[in-house]
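Shown next: entry19.txt, containing compact mmCIF, C-alpha atoms and all ligand atoms.
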# COMPACT_ATOMS: atom_id res chain seq x y z
CA MET A 1 27.56 -147.98 -46.64
CA ALA A 2 29.46 -144.82 -47.58
CA LEU A 3 32.09 -143.95 -44.97
CA LEU A 4 33.29 -140.91 -46.94
CA GLU A 5 31.79 -138.17 -49.05
CA ALA A 6 33.41 -135.55 -51.26
CA ARG A 7 32.84 -132.09 -49.79
CA GLU A 8 34.13 -128.66 -50.72
CA ALA A 9 37.08 -128.98 -48.34
CA GLY A 10 37.82 -132.55 -49.50
CA LEU A 11 37.01 -136.08 -48.34
CA TYR A 12 34.81 -136.07 -45.24
CA CYS A 13 33.82 -138.89 -42.86
CA THR A 14 30.39 -138.14 -41.37
CA LEU A 15 30.47 -140.88 -38.73
CA GLY A 16 33.88 -139.72 -37.49
CA ASP A 17 33.35 -136.00 -38.18
CA PHE A 18 36.77 -135.45 -39.78
CA HIS A 19 38.29 -134.54 -43.15
CA ILE A 20 41.23 -136.23 -44.84
CA ASP A 21 43.89 -133.90 -46.35
CA PRO A 22 41.43 -130.97 -46.47
CA ALA A 23 42.09 -128.16 -48.92
CA LEU A 24 40.43 -125.66 -46.56
CA PRO A 25 40.67 -125.17 -42.77
CA VAL A 26 38.40 -127.61 -40.86
CA GLU A 27 37.79 -128.71 -37.27
CA ARG A 28 39.68 -132.01 -37.48
CA ALA A 29 42.09 -132.98 -40.26
CA LEU A 30 43.63 -136.42 -40.78
CA ILE A 31 46.77 -136.03 -42.88
CA THR A 32 48.23 -138.72 -45.15
CA HIS A 33 51.59 -136.94 -45.59
CA ALA A 34 53.34 -133.57 -45.37
CA HIS A 35 53.39 -132.52 -49.04
CA SER A 36 51.85 -129.09 -49.55
CA ASP A 37 48.91 -130.31 -51.62
CA HIS A 38 47.85 -132.67 -48.81
CA ALA A 39 48.85 -130.80 -45.63
CA ARG A 40 47.59 -127.25 -45.27
CA PRO A 41 47.69 -124.89 -42.29
CA GLY A 42 44.66 -123.44 -40.51
CA SER A 43 42.74 -126.46 -39.23
CA ARG A 44 41.91 -126.67 -35.53
CA ALA A 45 43.34 -130.18 -34.92
CA TYR A 46 45.53 -132.58 -36.89
CA LEU A 47 46.13 -136.31 -36.70
CA THR A 48 48.90 -138.05 -38.63
CA ALA A 49 51.25 -141.05 -38.45
CA GLY A 50 54.08 -140.81 -35.92
CA PRO A 51 57.02 -140.80 -38.38
CA GLY A 52 55.40 -137.90 -40.29
CA GLU A 53 54.78 -135.59 -37.34
CA ALA A 54 58.03 -133.58 -37.52
CA LEU A 55 57.67 -132.99 -41.27
CA LEU A 56 54.03 -131.96 -40.84
CA ARG A 57 55.04 -129.47 -38.16
CA THR A 58 57.47 -127.72 -40.52
CA ARG A 59 54.66 -127.51 -43.08
CA ILE A 60 51.84 -126.15 -40.94
CA GLY A 61 53.64 -124.38 -38.10
CA ASP A 62 54.89 -124.91 -34.55
CA ASP A 63 51.65 -123.78 -32.95
CA ALA A 64 49.43 -126.31 -34.71
CA ALA A 65 47.66 -128.95 -32.59
CA ILE A 66 49.13 -132.17 -33.98
CA GLN A 67 48.47 -135.62 -32.55
CA SER A 68 50.21 -138.65 -34.00
CA GLU A 69 49.67 -142.39 -33.85
CA PRO A 70 52.04 -145.26 -34.67
CA TYR A 71 51.43 -147.22 -37.87
CA GLY A 72 48.78 -149.92 -37.49
CA LYS A 73 47.36 -148.81 -34.13
CA PRO A 74 43.55 -148.43 -34.26
CA LEU A 75 42.07 -145.27 -32.78
CA ARG A 76 38.40 -144.69 -32.06
CA ILE A 77 37.06 -141.42 -33.49
CA ARG A 78 33.35 -141.10 -32.66
CA GLU A 79 31.69 -144.03 -34.46
CA VAL A 80 34.62 -145.24 -36.56
CA SER A 81 37.95 -146.96 -36.01
CA VAL A 82 40.88 -145.29 -37.77
CA SER A 83 44.43 -146.49 -38.37
CA PHE A 84 47.44 -145.32 -40.40
CA HIS A 85 49.34 -147.74 -42.68
CA PRO A 86 52.59 -147.12 -44.59
CA ALA A 87 52.18 -145.73 -48.12
CA GLY A 88 55.87 -145.87 -49.16
CA HIS A 89 55.69 -142.36 -50.65
CA ILE A 90 57.86 -140.22 -48.30
CA LEU A 91 58.86 -140.33 -44.62
CA GLY A 92 55.71 -140.82 -42.51
CA SER A 93 53.35 -141.14 -45.49
CA SER A 94 50.20 -143.14 -44.79
CA GLN A 95 47.13 -144.76 -46.13
CA ILE A 96 44.23 -144.12 -43.79
CA ARG A 97 41.97 -147.07 -42.95
CA ILE A 98 38.44 -146.38 -41.68
CA GLU A 99 36.19 -149.11 -40.30
CA HIS A 100 32.58 -149.09 -39.15
CA GLY A 101 30.47 -152.19 -38.48
CA GLY A 102 32.66 -154.42 -40.67
CA GLU A 103 32.73 -151.94 -43.58
CA ILE A 104 36.31 -150.89 -44.44
CA TRP A 105 37.50 -147.96 -46.56
CA VAL A 106 41.12 -147.07 -47.28
CA VAL A 107 42.36 -143.68 -48.50
CA SER A 108 45.73 -144.21 -50.16
CA GLY A 109 47.05 -140.65 -50.14
CA ASP A 110 50.07 -140.66 -52.47
CA TYR A 111 51.90 -143.99 -52.64
CA LYS A 112 54.45 -146.10 -54.43
CA LEU A 113 55.29 -149.79 -54.33
CA ALA A 114 58.96 -149.44 -55.38
CA PRO A 115 61.57 -149.76 -52.61
CA ASP A 116 62.76 -146.55 -50.95
CA PRO A 117 65.34 -146.69 -48.12
CA THR A 118 64.01 -143.42 -46.64
CA CYS A 119 60.54 -144.69 -45.66
CA VAL A 120 58.55 -147.74 -44.56
CA PRO A 121 57.33 -149.82 -47.56
CA PHE A 122 53.73 -149.67 -48.81
CA GLU A 123 51.47 -152.09 -46.95
CA PRO A 124 48.54 -153.61 -48.87
CA VAL A 125 45.37 -153.19 -46.78
CA ARG A 126 42.21 -155.15 -47.65
CA CYS A 127 39.09 -153.04 -47.92
CA HIS A 128 35.67 -152.68 -49.56
CA THR A 129 36.37 -149.25 -51.05
CA PHE A 130 39.86 -148.08 -52.02
CA VAL A 131 40.43 -144.37 -52.67
CA THR A 132 43.44 -144.22 -54.96
CA GLU A 133 45.50 -141.37 -56.33
CA SER A 134 46.16 -141.35 -60.10
CA THR A 135 48.98 -138.79 -60.52
CA PHE A 136 50.60 -141.04 -63.14
CA GLY A 137 47.44 -142.91 -64.15
CA LEU A 138 48.23 -143.43 -67.82
CA PRO A 139 49.76 -146.55 -69.42
CA ILE A 140 52.73 -144.48 -70.71
CA PHE A 141 53.99 -144.04 -67.15
CA ARG A 142 56.24 -146.99 -66.32
CA TRP A 143 59.30 -146.51 -64.16
CA SER A 144 62.53 -148.39 -64.54
CA ASP A 145 64.49 -149.49 -61.50
CA ALA A 146 65.59 -146.58 -59.27
CA ALA A 147 69.10 -148.12 -59.21
CA GLN A 148 69.32 -147.64 -62.98
CA THR A 149 68.26 -144.00 -62.67
CA MET A 150 70.87 -143.48 -59.94
CA ALA A 151 73.51 -145.01 -62.22
CA GLU A 152 72.54 -142.47 -64.92
CA ILE A 153 72.81 -139.63 -62.39
CA HIS A 154 76.29 -140.82 -61.33
CA GLN A 155 77.36 -141.10 -64.96
CA TRP A 156 76.16 -137.54 -65.71
CA TRP A 157 77.93 -136.19 -62.60
CA GLY A 158 81.14 -138.03 -63.59
CA ALA A 159 81.10 -136.61 -67.12
CA ASN A 160 80.60 -133.09 -65.72
CA ARG A 161 83.54 -133.52 -63.32
CA GLN A 162 85.70 -134.55 -66.27
CA ALA A 163 84.56 -131.47 -68.17
CA GLY A 164 85.23 -129.29 -65.10
CA ARG A 165 81.72 -128.00 -64.58
CA ALA A 166 79.29 -128.19 -61.69
CA SER A 167 76.27 -130.51 -61.72
CA VAL A 168 73.01 -128.91 -60.58
CA LEU A 169 70.28 -131.45 -59.89
CA PHE A 170 66.78 -130.17 -59.20
CA ALA A 171 64.49 -132.38 -57.13
CA TYR A 172 61.44 -131.81 -54.97
CA PRO A 173 62.90 -130.98 -51.52
CA VAL A 174 60.53 -133.15 -49.45
CA GLY A 175 61.09 -136.85 -50.12
CA LYS A 176 62.63 -136.94 -53.58
CA ALA A 177 65.85 -135.15 -52.62
CA GLN A 178 66.34 -137.48 -49.64
CA ARG A 179 65.68 -140.59 -51.72
CA ILE A 180 68.39 -139.48 -54.15
CA LEU A 181 70.81 -138.64 -51.34
CA SER A 182 70.31 -142.00 -49.67
CA ALA A 183 71.58 -143.71 -52.84
CA LEU A 184 74.28 -141.19 -53.77
CA ASP A 185 78.01 -141.98 -53.81
CA ALA A 186 78.97 -139.16 -51.44
CA ALA A 187 82.70 -139.85 -51.96
CA ALA A 188 82.53 -139.00 -55.67
CA GLY A 189 82.80 -135.24 -55.13
CA PRO A 190 81.75 -132.27 -53.00
CA LEU A 191 78.06 -131.98 -52.11
CA VAL A 192 76.13 -128.72 -51.87
CA PHE A 193 72.55 -128.60 -50.66
CA HIS A 194 70.07 -125.80 -51.24
CA GLU A 195 68.74 -124.61 -47.87
CA PRO A 196 65.18 -126.00 -48.28
CA VAL A 197 66.68 -129.41 -49.10
CA GLU A 198 69.07 -129.44 -46.13
CA ARG A 199 66.28 -128.34 -43.76
CA VAL A 200 64.32 -131.50 -44.63
CA ASN A 201 67.49 -133.64 -44.64
CA ALA A 202 67.97 -132.70 -40.98
CA ILE A 203 64.47 -133.96 -40.09
CA TYR A 204 65.18 -137.26 -41.84
CA ARG A 205 68.55 -137.65 -40.06
CA ALA A 206 66.87 -136.91 -36.71
CA GLN A 207 64.55 -139.87 -37.36
CA GLY A 208 67.50 -142.19 -37.94
CA ILE A 209 67.62 -142.14 -41.74
CA PRO A 210 71.29 -141.87 -42.74
CA LEU A 211 71.92 -139.14 -45.32
CA PRO A 212 75.27 -137.64 -46.36
CA LEU A 213 76.17 -134.24 -44.95
CA PRO A 214 77.02 -131.27 -47.15
CA THR A 215 80.74 -130.74 -47.80
CA ALA A 216 81.69 -128.05 -45.29
CA GLN A 217 83.93 -125.76 -47.35
CA THR A 218 81.60 -125.65 -50.35
CA ASN A 219 78.47 -124.81 -48.34
CA ALA A 220 80.13 -121.91 -46.53
CA PRO A 221 78.99 -118.47 -47.65
CA GLY A 222 81.49 -116.33 -49.55
CA GLY A 223 85.00 -117.65 -50.20
CA ASN A 224 86.43 -118.95 -53.43
CA ALA A 225 85.12 -122.48 -53.36
CA ASP A 226 85.67 -124.54 -56.47
CA PHE A 227 82.40 -126.11 -57.60
CA SER A 228 83.69 -127.75 -60.77
CA GLU A 229 83.41 -131.24 -59.26
CA ALA A 230 80.40 -130.60 -57.04
CA LEU A 231 76.90 -131.98 -57.12
CA ILE A 232 74.41 -129.28 -56.14
CA LEU A 233 71.04 -130.61 -55.01
CA ALA A 234 68.42 -127.87 -55.23
CA ALA A 235 64.67 -127.37 -55.02
CA PRO A 236 63.00 -126.62 -58.39
CA ALA A 237 62.24 -123.11 -57.09
CA ALA A 238 65.99 -122.32 -57.21
CA GLN A 239 65.94 -122.34 -61.00
CA GLY A 240 67.06 -118.98 -62.33
CA SER A 241 67.88 -117.71 -58.82
CA ARG A 242 70.85 -115.60 -57.75
CA TRP A 243 71.96 -118.42 -55.45
CA LEU A 244 72.56 -120.66 -58.45
CA ARG A 245 74.81 -118.20 -60.27
CA ARG A 246 77.72 -118.80 -57.90
CA PHE A 247 78.19 -122.27 -59.41
CA GLY A 248 79.19 -120.81 -62.77
CA ASP A 249 78.74 -122.74 -66.00
CA ALA A 250 76.83 -125.74 -64.67
CA SER A 251 75.04 -128.65 -66.24
CA THR A 252 71.40 -128.75 -65.09
CA ALA A 253 69.11 -131.74 -64.63
CA PHE A 254 65.77 -132.54 -63.05
CA ALA A 255 64.73 -135.77 -61.32
CA SER A 256 60.98 -136.36 -61.55
CA GLY A 257 58.39 -138.74 -62.89
CA TRP A 258 57.37 -135.94 -65.26
CA MET A 259 60.70 -136.38 -67.08
CA ARG A 260 59.08 -139.45 -68.65
CA ILE A 261 57.36 -137.02 -71.03
CA ARG A 262 59.44 -134.51 -72.97
CA GLY A 263 57.39 -131.33 -72.59
CA PRO A 264 58.33 -130.39 -69.02
CA ARG A 265 62.04 -130.83 -69.72
CA ARG A 266 61.92 -128.58 -72.79
CA ARG A 267 59.96 -125.87 -70.98
CA ARG A 268 62.47 -125.82 -68.16
CA SER A 269 65.42 -125.74 -70.60
CA LEU A 270 67.37 -128.43 -68.78
CA ASP A 271 70.37 -130.40 -70.03
CA ARG A 272 69.07 -133.69 -68.65
CA GLY A 273 65.94 -135.29 -67.23
CA PHE A 274 66.08 -138.30 -64.91
CA VAL A 275 62.89 -140.32 -64.47
CA LEU A 276 62.44 -140.88 -60.75
CA SER A 277 59.05 -140.75 -59.08
CA ASP A 278 57.72 -141.27 -55.57
CA HIS A 279 54.33 -142.17 -57.04
CA ALA A 280 53.06 -145.49 -58.31
CA ASP A 281 53.41 -145.94 -62.07
CA TRP A 282 50.55 -147.40 -64.14
CA PRO A 283 51.29 -151.09 -63.40
CA ALA A 284 51.78 -150.33 -59.69
CA LEU A 285 48.46 -148.44 -59.47
CA LEU A 286 46.68 -151.47 -60.93
CA GLN A 287 48.57 -153.82 -58.61
CA ALA A 288 47.71 -151.79 -55.50
CA ILE A 289 44.03 -151.66 -56.52
CA ASP A 290 44.05 -155.40 -57.12
CA HIS A 291 45.73 -156.22 -53.79
CA SER A 292 43.25 -154.07 -51.86
CA GLY A 293 40.53 -156.52 -52.88
CA ALA A 294 38.15 -153.55 -53.13
CA GLU A 295 34.89 -153.86 -55.07
CA THR A 296 34.68 -150.10 -55.40
CA VAL A 297 37.51 -147.73 -56.33
CA TRP A 298 37.38 -143.97 -55.91
CA VAL A 299 39.91 -142.25 -58.17
CA THR A 300 41.34 -138.86 -57.25
CA HIS A 301 44.43 -136.61 -57.77
CA GLY A 302 45.61 -136.91 -61.37
CA TYR A 303 44.52 -138.74 -64.52
CA ILE A 304 41.14 -139.58 -63.05
CA ALA A 305 39.10 -140.23 -66.21
CA PRO A 306 41.48 -142.67 -67.95
CA LEU A 307 41.89 -144.81 -64.83
CA VAL A 308 38.14 -144.80 -64.11
CA ARG A 309 37.45 -145.88 -67.71
CA TRP A 310 40.05 -148.65 -67.57
CA LEU A 311 38.60 -150.04 -64.31
CA ARG A 312 34.99 -149.86 -65.52
CA GLU A 313 35.89 -151.73 -68.70
CA ARG A 314 37.11 -154.52 -66.45
CA GLY A 315 33.92 -154.66 -64.38
CA LYS A 316 35.06 -152.65 -61.35
CA GLN A 317 32.89 -150.00 -59.75
CA ALA A 318 34.99 -146.90 -60.30
CA VAL A 319 34.01 -143.42 -59.14
CA PRO A 320 35.76 -140.19 -60.21
CA VAL A 321 36.38 -137.87 -57.27
CA GLU A 322 37.50 -134.35 -58.10
CA VAL A 323 39.26 -132.67 -55.22
CA VAL A 324 39.81 -129.00 -55.98
CA LEU A 325 43.39 -127.97 -55.23
CA PRO A 326 43.68 -124.29 -54.35
CA ALA A 327 46.75 -122.53 -55.74
CA ASP A 328 49.89 -123.49 -53.88
CA SER A 329 52.26 -120.93 -52.43
CA GLU A 330 55.20 -122.98 -53.70
CA ALA A 331 53.85 -123.17 -57.21
CA PRO A 332 53.01 -119.67 -58.39
CA GLY A 333 50.79 -119.28 -61.42
CA PRO A 334 48.59 -122.00 -62.85
CA LEU A 335 49.21 -125.35 -61.21
CA GLU A 336 51.02 -127.25 -63.94
CA PRO A 337 51.26 -130.96 -63.27
CA GLU A 338 55.02 -130.84 -62.85
CA ALA A 339 54.69 -128.03 -60.33
CA ARG A 340 52.86 -130.35 -57.97
CA PRO A 341 54.96 -131.93 -55.25
CA GLU A 342 55.88 -135.49 -55.97
ZN ZN B 401 52.86 -136.45 -52.07

This entry written out as structure tokens:
Amino acid sequence: MALLEAREAGLYCTLGDFHIDPALPVERALITHAHSDHARPGSRAYLTAGPGEALLRTRIGDDAAIQSEPYGKPLRIREVSVSFHPAGHILGSSQIRIEHGGEIWVVSGDYKLAPDPTCVPFEPVRCHTFVTESTFGLPIFRWSDAAQTMAEIHQWWGANRQAGRASVLFAYPVGKAQRILSALDAAAGPLVFHEPVERVNAIYRAQGIPLPLPTAQTNAPGGNADFSEALILAAPAAQGSRWLRRFGDASTAFASGWMRIRGPRRRRSLDRGFVLSDHADWPALLQAIDHSGAETVWVTHGYIAPLVRWLRERGKQAVPVEVVLPADSEAPGPLEPEARPE
């Protein structure tokens, strides 16, 4: 029995009369996490996991009607039972489990299996149909240990300090920046945070996730601060901005899963690319699908066709689900893959 269908606004549950991560305003929206391509303003009512409520509020506005539920607690919505389960992607990110008469469907949202000190780890949930993302659904996407990537970042920062130039690291400001900060050696030099990054840092700190504070004298406006030993953590949107010019001759780098392929790094004319993703890589996608025990897999968000083909060749029922993503205010112009939040 189908508990979900793909509608214009996104995935819709008829028996519960709600959408999941709708792309258009709807009556009732269940939200997997607060990234802009999953959480959009304008719906009448929202439901999300407790740890994600504050982030969602900054995304869709103070006036929005948001209800939240703790992880794992079942909630009756019309004819279905719904619960949120950790997805390990960013703070408060969830898989959404829907049950009706013994039939169970799980919508993964975005997820990763790798450890991340800033959010609750991914929880495998058994189901009949698993709706998986496929942002990095190609065999070329395999992540090394995050600790190794952090060591490379520290090495790059150290070499720049020696050379007397600032280190500007671009990272997506919701989730990725905080994951980097949580593993950063804050004693190595002054820290400067771009305002959109620090705004989200504050929400994480308020939920008990320890993150280093910016170094006071370097974050102050004006003055003659010396940035030659500083690490500047900035949103990708800061590239080419006036704000960045104050740091003088800086080395620039980007931390993203997209740095695994060379094109994005060249187009952005960066000195370095660090491979760090908050999404499952190819082996982790397959592992999550396997552990769900699902007979049927719906594939959405990303490299849909290659993953569907791979699953079908191995006897799984795999269904491509195209969810149309309207243009994002944070990503002007055509929605390039690397412009998508991750
Ligand atoms: Zn996301």

How close does chain A get to ligand ZN 401 (chain B)? List, as CSV, each residue of chain A within 10 Å, its nearest atom pair and the distance in Å to one decimal, counting only C-alpha atoms and all ligand atoms.
residue,atom,partner,partner_atom,distance
A:Thr32,CA,B:ZN401,ZN,8.6
A:His33,CA,B:ZN401,ZN,6.6
A:Ala34,CA,B:ZN401,ZN,7.3
A:His35,CA,B:ZN401,ZN,5.0
A:Ser36,CA,B:ZN401,ZN,7.8
A:Asp37,CA,B:ZN401,ZN,7.3
A:His38,CA,B:ZN401,ZN,7.1
A:Ala39,CA,B:ZN401,ZN,9.5
A:His89,CA,B:ZN401,ZN,6.7
A:Ile90,CA,B:ZN401,ZN,7.3
A:Ser93,CA,B:ZN401,ZN,8.1
A:Gly109,CA,B:ZN401,ZN,7.4
A:Asp110,CA,B:ZN401,ZN,5.1
A:Tyr111,CA,B:ZN401,ZN,7.6
A:Glu133,CA,B:ZN401,ZN,9.8
A:Thr135,CA,B:ZN401,ZN,9.6
A:Val174,CA,B:ZN401,ZN,8.8
A:Gly175,CA,B:ZN401,ZN,8.5
A:Lys176,CA,B:ZN401,ZN,9.9
A:Asp278,CA,B:ZN401,ZN,7.7
A:His279,CA,B:ZN401,ZN,7.7
A:Arg340,CA,B:ZN401,ZN,8.5
A:Pro341,CA,B:ZN401,ZN,5.9
A:Glu342,CA,B:ZN401,ZN,5.0

So which one's closest to Ser81 (chain A), A:Pro51, A:Pro41, A:Gly102, A:Gly137? Using all atoms listed in the file, please.
->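 Selected residue with least distance to Ser81 (chain A): A:Gly102.
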
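Using only C-alpha atoms, the protein and nucleic acid residues lying no more than 7 Å from Ala250 (chain A), apart from those fewer than 5 places from it along its own chain, are A:Arg165, A:Ala166, A:Ser167, A:Val168.
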
What would the file look like if the residues just selected were written as a CSV table (one decimal), in the coordinates of the input with C-alpha atoms?
chain,number,residue,atom,x,y,z
A,165,ARG,CA,81.7,-128.0,-64.6
A,166,ALA,CA,79.3,-128.2,-61.7
A,167,SER,CA,76.3,-130.5,-61.7
A,168,VAL,CA,73.0,-128.9,-60.6

Write out, as CSV, each residue of region 125-225 of chain A that has an atom at most 10 Å from region 289-300 of chain A, together with the closest pair of atoms and their distance in Å to one decimal, counting all atoms listed in the file, rows going by chain and rising number.
residue,atom,partner,partner_atom,distance
A:Val125,CA,A:Ser292,CA,5.6
A:Arg126,CA,A:Ser292,CA,4.5
A:Cys127,CA,A:Ala294,CA,5.3
A:His128,CA,A:Ala294,CA,4.4
A:Thr129,CA,A:Thr296,CA,4.7
A:Phe130,CA,A:Val297,CA,4.9
A:Val131,CA,A:Trp298,CA,4.5
A:Thr132,CA,A:Val299,CA,5.2
A:Glu133,CA,A:Thr300,CA,4.9
A:Ser134,CA,A:Thr300,CA,6.1
A:Thr135,CA,A:Thr300,CA,8.3
A:Gly137,CA,A:Val299,CA,9.6

Report the distance between CA of Ala255 (chain A) and CA of Ala147 (chain A) in Å, rounded to one decimal place.
-> 13.3 Å

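Using only C-alpha atoms, the nearest neighbour of Ala305 (chain A) within the list A:Ile104, A:Ala9, A:Leu270, A:Ala318 is A:Ala318.
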
Region 181-188 of chain A: which residues within 12 Å, counting all atoms listed in the file, same-chain residues fewer than 3 positions away excluded, as a PyMOL selection string?
-> chain A and resi 115-119+146-162+169+171+173-178+191-193+197-198+200-201+204-205+209-215+229-234

Selection near Pro70 (chain A), 8 Å with only C-alpha atoms, sequence-local residues under 2 positions removed, as a list in words =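 Neighbouring residues, sequence-local ones excluded: Ala49, Gly50, Pro51, Ser68, Gly72, Lys73 and Phe84 of chain A.
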
Could you name the residues that touch Phe254 (chain A) at 7 Å or less, counting only C-alpha atoms, but leaving out those on the same chain fewer than 2 positions away, as a PyMOL selection string?
-> chain A and resi 169-171+256+272-274

Looking at A:Ile20, A:Ala225, A:Val120, A:Ile180, which one is nearest to Ser108 (chain A), with distances taken over only C-alpha atoms?
->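 When distances to Ser108 (chain A) are compared using only C-alpha atoms, the smallest one comes from A:Ile20.
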
Counting only C-alpha atoms, figure out which residue out of A:Gly248, A:Pro139, A:Pro196, A:Gly61 gets nearest to Tyr172 (chain A).
->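 Nearest candidate to Tyr172 (chain A) out of A:Gly248, A:Pro139, A:Pro196, A:Gly61: A:Pro196.
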
What is the distance, in Å and to one decimal place, between CA of His100 (chain A) and CA of His301 (chain A)?
->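 So the answer is 25.4 Å.
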
Between CA of Ala284 (chain A) and CA of Met259 (chain A), measure the distance and give it in Å to one decimal.
->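 According to the coordinates, CA of Ala284 (chain A) and CA of Met259 (chain A) are separated by 18.1 Å.
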
Padded axis-aligned box of region 60-67 of chain A (3 Å per side), centre and edge lengths, Å, one decimal, as AutoDock Vina command-line options:
--center_x 51.3 --center_y -129.7 --center_z -36.7 --size_x 13.2 --size_y 17.8 --size_z 14.4

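Using all atoms listed in the file, the contacts of Leu30 (chain A) at a cut-off of 9 Å, with sequence neighbours closer than 3 positions omitted, comprise Phe18, His19, Ile20, Asp21, Pro22, Ala45, Tyr46, Leu47, Thr48 and Ile96 of chain A.
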
Among listed residues A:Glu53, A:Val319, A:Tyr303, A:Ser269, nearest Ala6 (chain A) (using all atoms listed in the file) = A:Val319

Will you model all heavy atoms for region 94-100 of chain A and pass it back as a PDB file, in the frame of the given file?
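Output below, filename selection03.pdb:
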ATOM      1  N   SER A  94      51.155-142.113 -45.227  1.00  0.00           N
ATOM      2  CA  SER A  94      50.200-143.140 -44.790  1.00  0.00           C
ATOM      3  C   SER A  94      49.039-143.305 -45.732  1.00  0.00           C
ATOM      4  O   SER A  94      48.630-142.368 -46.417  1.00  0.00           O
ATOM      5  CB  SER A  94      49.568-142.747 -43.449  1.00  0.00           C
ATOM      6  OG  SER A  94      50.525-142.463 -42.506  1.00  0.00           O
ATOM      7  N   GLN A  95      48.499-144.524 -45.694  1.00  0.00           N
ATOM      8  CA  GLN A  95      47.130-144.760 -46.130  1.00  0.00           C
ATOM      9  C   GLN A  95      46.300-144.698 -44.854  1.00  0.00           C
ATOM     10  O   GLN A  95      46.768-145.096 -43.794  1.00  0.00           O
ATOM     11  CB  GLN A  95      46.985-146.143 -46.733  1.00  0.00           C
ATOM     12  CG  GLN A  95      48.005-146.457 -47.828  1.00  0.00           C
ATOM     13  CD  GLN A  95      47.979-147.938 -48.171  1.00  0.00           C
ATOM     14  OE1 GLN A  95      47.081-148.414 -48.849  1.00  0.00           O
ATOM     15  NE2 GLN A  95      48.963-148.679 -47.684  1.00  0.00           N
ATOM     16  N   ILE A  96      45.085-144.200 -44.973  1.00  0.00           N
ATOM     17  CA  ILE A  96      44.230-144.120 -43.790  1.00  0.00           C
ATOM     18  C   ILE A  96      43.082-145.117 -43.944  1.00  0.00           C
ATOM     19  O   ILE A  96      42.344-145.098 -44.929  1.00  0.00           O
ATOM     20  CB  ILE A  96      43.695-142.677 -43.598  1.00  0.00           C
ATOM     21  CG1 ILE A  96      44.886-141.733 -43.361  1.00  0.00           C
ATOM     22  CG2 ILE A  96      42.698-142.622 -42.439  1.00  0.00           C
ATOM     23  CD1 ILE A  96      44.516-140.274 -43.175  1.00  0.00           C
ATOM     24  N   ARG A  97      42.997-146.023 -42.950  1.00  0.00           N
ATOM     25  CA  ARG A  97      41.970-147.070 -42.950  1.00  0.00           C
ATOM     26  C   ARG A  97      40.855-146.647 -41.996  1.00  0.00           C
ATOM     27  O   ARG A  97      41.120-146.255 -40.855  1.00  0.00           O
ATOM     28  CB  ARG A  97      42.591-148.387 -42.487  1.00  0.00           C
ATOM     29  CG  ARG A  97      41.645-149.579 -42.442  1.00  0.00           C
ATOM     30  CD  ARG A  97      42.385-150.757 -41.803  1.00  0.00           C
ATOM     31  NE  ARG A  97      41.615-152.003 -41.831  1.00  0.00           N
ATOM     32  CZ  ARG A  97      40.727-152.352 -40.908  1.00  0.00           C
ATOM     33  NH1 ARG A  97      40.463-151.550 -39.896  1.00  0.00           N
ATOM     34  NH2 ARG A  97      40.097-153.529 -41.008  1.00  0.00           N
ATOM     35  N   ILE A  98      39.603-146.745 -42.491  1.00  0.00           N
ATOM     36  CA  ILE A  98      38.440-146.380 -41.680  1.00  0.00           C
ATOM     37  C   ILE A  98      37.501-147.576 -41.637  1.00  0.00           C
ATOM     38  O   ILE A  98      37.187-148.152 -42.687  1.00  0.00           O
ATOM     39  CB  ILE A  98      37.686-145.172 -42.299  1.00  0.00           C
ATOM     40  CG1 ILE A  98      38.650-144.017 -42.577  1.00  0.00           C
ATOM     41  CG2 ILE A  98      36.551-144.703 -41.398  1.00  0.00           C
ATOM     42  CD1 ILE A  98      38.062-142.945 -43.479  1.00  0.00           C
ATOM     43  N   GLU A  99      37.073-147.948 -40.439  1.00  0.00           N
ATOM     44  CA  GLU A  99      36.190-149.110 -40.300  1.00  0.00           C
ATOM     45  C   GLU A  99      34.972-148.760 -39.461  1.00  0.00           C
ATOM     46  O   GLU A  99      35.071-148.058 -38.453  1.00  0.00           O
ATOM     47  CB  GLU A  99      36.951-150.276 -39.641  1.00  0.00           C
ATOM     48  CG  GLU A  99      36.076-151.515 -39.483  1.00  0.00           C
ATOM     49  CD  GLU A  99      36.849-152.753 -39.038  1.00  0.00           C
ATOM     50  OE1 GLU A  99      38.063-152.631 -38.785  1.00  0.00           O
ATOM     51  OE2 GLU A  99      36.217-153.819 -38.932  1.00  0.00           O
ATOM     52  N   HIS A 100      33.822-149.253 -39.920  1.00  0.00           N
ATOM     53  CA  HIS A 100      32.580-149.090 -39.150  1.00  0.00           C
ATOM     54  C   HIS A 100      31.682-150.294 -39.418  1.00  0.00           C
ATOM     55  O   HIS A 100      31.299-150.536 -40.556  1.00  0.00           O
ATOM     56  CB  HIS A 100      31.856-147.796 -39.537  1.00  0.00           C
ATOM     57  CG  HIS A 100      30.506-147.670 -38.894  1.00  0.00           C
ATOM     58  ND1 HIS A 100      30.344-147.252 -37.596  1.00  0.00           N
ATOM     59  CD2 HIS A 100      29.264-147.929 -39.364  1.00  0.00           C
ATOM     60  CE1 HIS A 100      29.060-147.254 -37.297  1.00  0.00           C
ATOM     61  NE2 HIS A 100      28.376-147.662 -38.351  1.00  0.00           N
TER      62      HIS A 100
END
